[in-house]
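Reviewing the structure listed below.
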Amino acid sequence: MGNWIHGGSKCKDKKEEKTLERLKNETVLLLSFLGLLLYKRGDRKENYMENMPYLVGQLLKISDELHTLYCKVVRSGDVPPQLAGSALFTTAGETPYQAMAQLSLRMNPYITWAKQYRFKNISIKNEESWRARWYLNLYEDVANKLKVSVTGSTRFTDIEKAQLFIGYLASFPKRESSVTASDADNDHDNNGGGTNDEQ
């Protein structure tokens with residue numbers, strides 16, 4: 001499912017396309033159900049969207065998107081069957097700190113690539129260089145939230161695993177349309193490794 005969402009799989013025929021569409025619809029229902037269970041428990045989205053499990057899920061999703069962009073640009077669209085973030089999803093549910101440590105090693109070449117690619121002013125569909133800047137900004141935003149929400153827990157509970165799952169499949173903040181090849185987001189650019197709150 002994750003591979004299909006990120007564009008790595010191509011449907012061979014209409015039957016497979018319908019099967020994947022049904023799977024997507026079932027996943028949407030599952031996410032809605034998980035959201036309702038969390039709401040009934042008293043965990044509102046305004047709160048759990050700031051919690052470590054949800055943020056780790058978003059970190060995995062951003063990693064998948066950046067890995068996909070890299071494959072589309074550098075590998076001529078040859079996206080592997082398993083992306084960097086989705087490969088660590090199960091590990092993140094069991095041992096989140098280990099998953100983040102492994103993710104940092106796996107994503108280092110893609111992040112390094114994105115830091116130079118973001119300035120290329122490329123506007124080819126699905127290879128736009130502004131996307132690299134946007135993903136780096138999303139990483140920065142999530143990292144800034146994670147540094148205040150990191151807990152001492154080395155394993156996630158079932159509720160936290162549900163939050164991780166929601167974070168992985170949830171949409172990114174609605175900032176994509178405002179970030180283009182222009183320098184509209186330069187004040188929030190990921191230059192030189194500093195964070196926004198260091199200014």
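Convention: chains lettered A, B, ... in structure tokens order; per-chain residue numbering from 1; ligands numbered from 1 as shown.
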Write out as a PDB file with N, CA and C atoms, in the first residue's frame which residues come within 10 Å of Phe165 (chain A) when counting only C-alpha atoms, dropping same-chain ones fewer than 6 positions away.
ATOM      1  N   LEU A  31      -8.393   4.394   8.846  1.00  0.00           N
ATOM      2  CA  LEU A  31      -7.873   5.616   9.459  1.00  0.00           C
ATOM      3  C   LEU A  31      -8.984   6.380  10.169  1.00  0.00           C
ATOM      4  N   LEU A  34      -9.729   4.533  13.384  1.00  0.00           N
ATOM      5  CA  LEU A  34      -8.691   4.796  14.392  1.00  0.00           C
ATOM      6  C   LEU A  34      -8.847   6.196  14.980  1.00  0.00           C
ATOM      7  N   PRO A  53       4.750   9.700  18.626  1.00  0.00           N
ATOM      8  CA  PRO A  53       4.403   8.659  17.651  1.00  0.00           C
ATOM      9  C   PRO A  53       3.904   9.217  16.319  1.00  0.00           C
ATOM     10  N   TYR A  54       3.013  10.208  16.380  1.00  0.00           N
ATOM     11  CA  TYR A  54       2.495  10.821  15.154  1.00  0.00           C
ATOM     12  C   TYR A  54       3.629  11.479  14.371  1.00  0.00           C
ATOM     13  N   VAL A  56       6.826  10.753  14.435  1.00  0.00           N
ATOM     14  CA  VAL A  56       7.696   9.735  13.848  1.00  0.00           C
ATOM     15  C   VAL A  56       7.051   9.195  12.567  1.00  0.00           C
ATOM     16  N   GLY A  57       5.731   9.004  12.593  1.00  0.00           N
ATOM     17  CA  GLY A  57       5.018   8.588  11.385  1.00  0.00           C
ATOM     18  C   GLY A  57       5.194   9.593  10.257  1.00  0.00           C
ATOM     19  N   GLN A  58       5.094  10.883  10.583  1.00  0.00           N
ATOM     20  CA  GLN A  58       5.303  11.917   9.572  1.00  0.00           C
ATOM     21  C   GLN A  58       6.737  11.900   9.063  1.00  0.00           C
ATOM     22  N   PHE A  89       8.938   1.142   9.159  1.00  0.00           N
ATOM     23  CA  PHE A  89       7.661   1.361   9.853  1.00  0.00           C
ATOM     24  C   PHE A  89       7.470   0.388  11.017  1.00  0.00           C
ATOM     25  N   THR A  90       7.691  -0.898  10.794  1.00  0.00           N
ATOM     26  CA  THR A  90       7.507  -1.896  11.859  1.00  0.00           C
ATOM     27  C   THR A  90       8.492  -1.659  12.998  1.00  0.00           C
ATOM     28  N   GLY A  93       7.397   1.144  15.260  1.00  0.00           N
ATOM     29  CA  GLY A  93       6.349   0.775  16.208  1.00  0.00           C
ATOM     30  C   GLY A  93       6.874   0.044  17.416  1.00  0.00           C
ATOM     31  N   ILE A 159      -1.949   2.364  21.527  1.00  0.00           N
ATOM     32  CA  ILE A 159      -2.512   3.675  21.157  1.00  0.00           C
ATOM     33  C   ILE A 159      -1.461   4.476  20.396  1.00  0.00           C
TER      34      ILE A 159
END
May I ask which of the residues A:Ile62, A:Lys72, A:Asn144, A:Gly77 is the closest one to Met107 (chain A), counting only C-alpha atoms?
A:Ile62
Write out as a VMD selection string each polymer residue whose atoms come within 12 Å of Thr91 (chain A), counting only C-alpha atoms; drop sequence neighbours fewer than 6 positions from it.
chain A and resid 56 to 57 60 84 to 85 97 to 103 154 to 156 161 164
Prev. selection, N, CA and C atoms, output as a PDB file, in the first residue's frame:
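Listing of out33.pdb after writing:
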ATOM      1  N   VAL A  56       6.826  10.753  14.435  1.00  0.00           N
ATOM      2  CA  VAL A  56       7.696   9.735  13.848  1.00  0.00           C
ATOM      3  C   VAL A  56       7.051   9.195  12.567  1.00  0.00           C
ATOM      4  N   GLY A  57       5.731   9.004  12.593  1.00  0.00           N
ATOM      5  CA  GLY A  57       5.018   8.588  11.385  1.00  0.00           C
ATOM      6  C   GLY A  57       5.194   9.593  10.257  1.00  0.00           C
ATOM      7  N   LEU A  60       8.673   9.315   8.780  1.00  0.00           N
ATOM      8  CA  LEU A  60       8.775   8.196   7.850  1.00  0.00           C
ATOM      9  C   LEU A  60       8.153   8.553   6.500  1.00  0.00           C
ATOM     10  N   ALA A  84      12.695   4.083   2.025  1.00  0.00           N
ATOM     11  CA  ALA A  84      13.447   4.196   3.286  1.00  0.00           C
ATOM     12  C   ALA A  84      12.542   4.275   4.509  1.00  0.00           C
ATOM     13  N   GLY A  85      11.488   5.077   4.440  1.00  0.00           N
ATOM     14  CA  GLY A  85      10.597   5.230   5.589  1.00  0.00           C
ATOM     15  C   GLY A  85       9.737   4.008   5.837  1.00  0.00           C
ATOM     16  N   TYR A  97      13.362   4.762  18.781  1.00  0.00           N
ATOM     17  CA  TYR A  97      14.673   5.413  18.758  1.00  0.00           C
ATOM     18  C   TYR A  97      15.630   4.692  17.810  1.00  0.00           C
ATOM     19  N   GLN A  98      15.559   3.377  17.812  1.00  0.00           N
ATOM     20  CA  GLN A  98      16.379   2.602  16.887  1.00  0.00           C
ATOM     21  C   GLN A  98      15.972   2.914  15.441  1.00  0.00           C
ATOM     22  N   ALA A  99      14.665   3.031  15.199  1.00  0.00           N
ATOM     23  CA  ALA A  99      14.183   3.347  13.849  1.00  0.00           C
ATOM     24  C   ALA A  99      14.684   4.714  13.397  1.00  0.00           C
ATOM     25  N   MET A 100      14.640   5.696  14.287  1.00  0.00           N
ATOM     26  CA  MET A 100      15.117   7.040  13.914  1.00  0.00           C
ATOM     27  C   MET A 100      16.624   7.031  13.662  1.00  0.00           C
ATOM     28  N   ALA A 101      17.356   6.244  14.448  1.00  0.00           N
ATOM     29  CA  ALA A 101      18.806   6.143  14.233  1.00  0.00           C
ATOM     30  C   ALA A 101      19.106   5.512  12.873  1.00  0.00           C
ATOM     31  N   GLN A 102      18.377   4.447  12.532  1.00  0.00           N
ATOM     32  CA  GLN A 102      18.572   3.808  11.231  1.00  0.00           C
ATOM     33  C   GLN A 102      18.134   4.731  10.099  1.00  0.00           C
ATOM     34  N   LEU A 103      17.047   5.459  10.321  1.00  0.00           N
ATOM     35  CA  LEU A 103      16.555   6.389   9.299  1.00  0.00           C
ATOM     36  C   LEU A 103      17.582   7.477   9.012  1.00  0.00           C
ATOM     37  N   THR A 154      10.842   3.652  25.467  1.00  0.00           N
ATOM     38  CA  THR A 154      11.596   3.044  24.373  1.00  0.00           C
ATOM     39  C   THR A 154      10.713   2.195  23.469  1.00  0.00           C
ATOM     40  N   ARG A 155       9.469   1.981  23.852  1.00  0.00           N
ATOM     41  CA  ARG A 155       8.509   1.235  23.022  1.00  0.00           C
ATOM     42  C   ARG A 155       7.179   1.973  23.016  1.00  0.00           C
ATOM     43  N   PHE A 156       6.453   1.852  21.911  1.00  0.00           N
ATOM     44  CA  PHE A 156       5.142   2.480  21.800  1.00  0.00           C
ATOM     45  C   PHE A 156       4.058   1.532  22.311  1.00  0.00           C
ATOM     46  N   LYS A 161       1.003   3.278  18.674  1.00  0.00           N
ATOM     47  CA  LYS A 161       1.190   2.652  17.361  1.00  0.00           C
ATOM     48  C   LYS A 161       0.100   3.121  16.392  1.00  0.00           C
ATOM     49  N   LEU A 164       1.157   6.476  15.316  1.00  0.00           N
ATOM     50  CA  LEU A 164       2.243   6.326  14.344  1.00  0.00           C
ATOM     51  C   LEU A 164       1.678   6.041  12.956  1.00  0.00           C
TER      52      LEU A 164
END
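Nearest-residue note for Arg106 (chain A): choosing from A:Leu23, A:Val79, A:Val142, A:Leu88, the minimum distance belongs to A:Leu88, counting only C-alpha atoms.
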Check the DSSP output for the backbone and give back, as a VMD selection string, the residues of region 1-198 of chain A in alpha helix (DSSP H).
chain A and resid 2 to 5 14 to 41 45 to 48 52 to 74 84 to 87 89 to 94 96 to 117 129 to 149 158 to 169
If you measure from CA of Glu160 (chain A) to CA of Leu29 (chain A), what distance in Å do you get, rounded to one decimal?
18.8 Å
Can you pull out the residues contacting Ile111 (chain A)? Cut-off 12 Å, using only C-alpha atoms, and skip same-chain residues under 3 positions away; I want them as a PyMOL selection string.
chain A and resi 62-67+69-70+84+103-108+114-118+132-140+190+193
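You will find CA of Glu21 (chain A) at 25.1 Å from CA of Leu59 (chain A).
CA of Leu36 (chain A) sits 24.4 Å away from CA of Leu20 (chain A).
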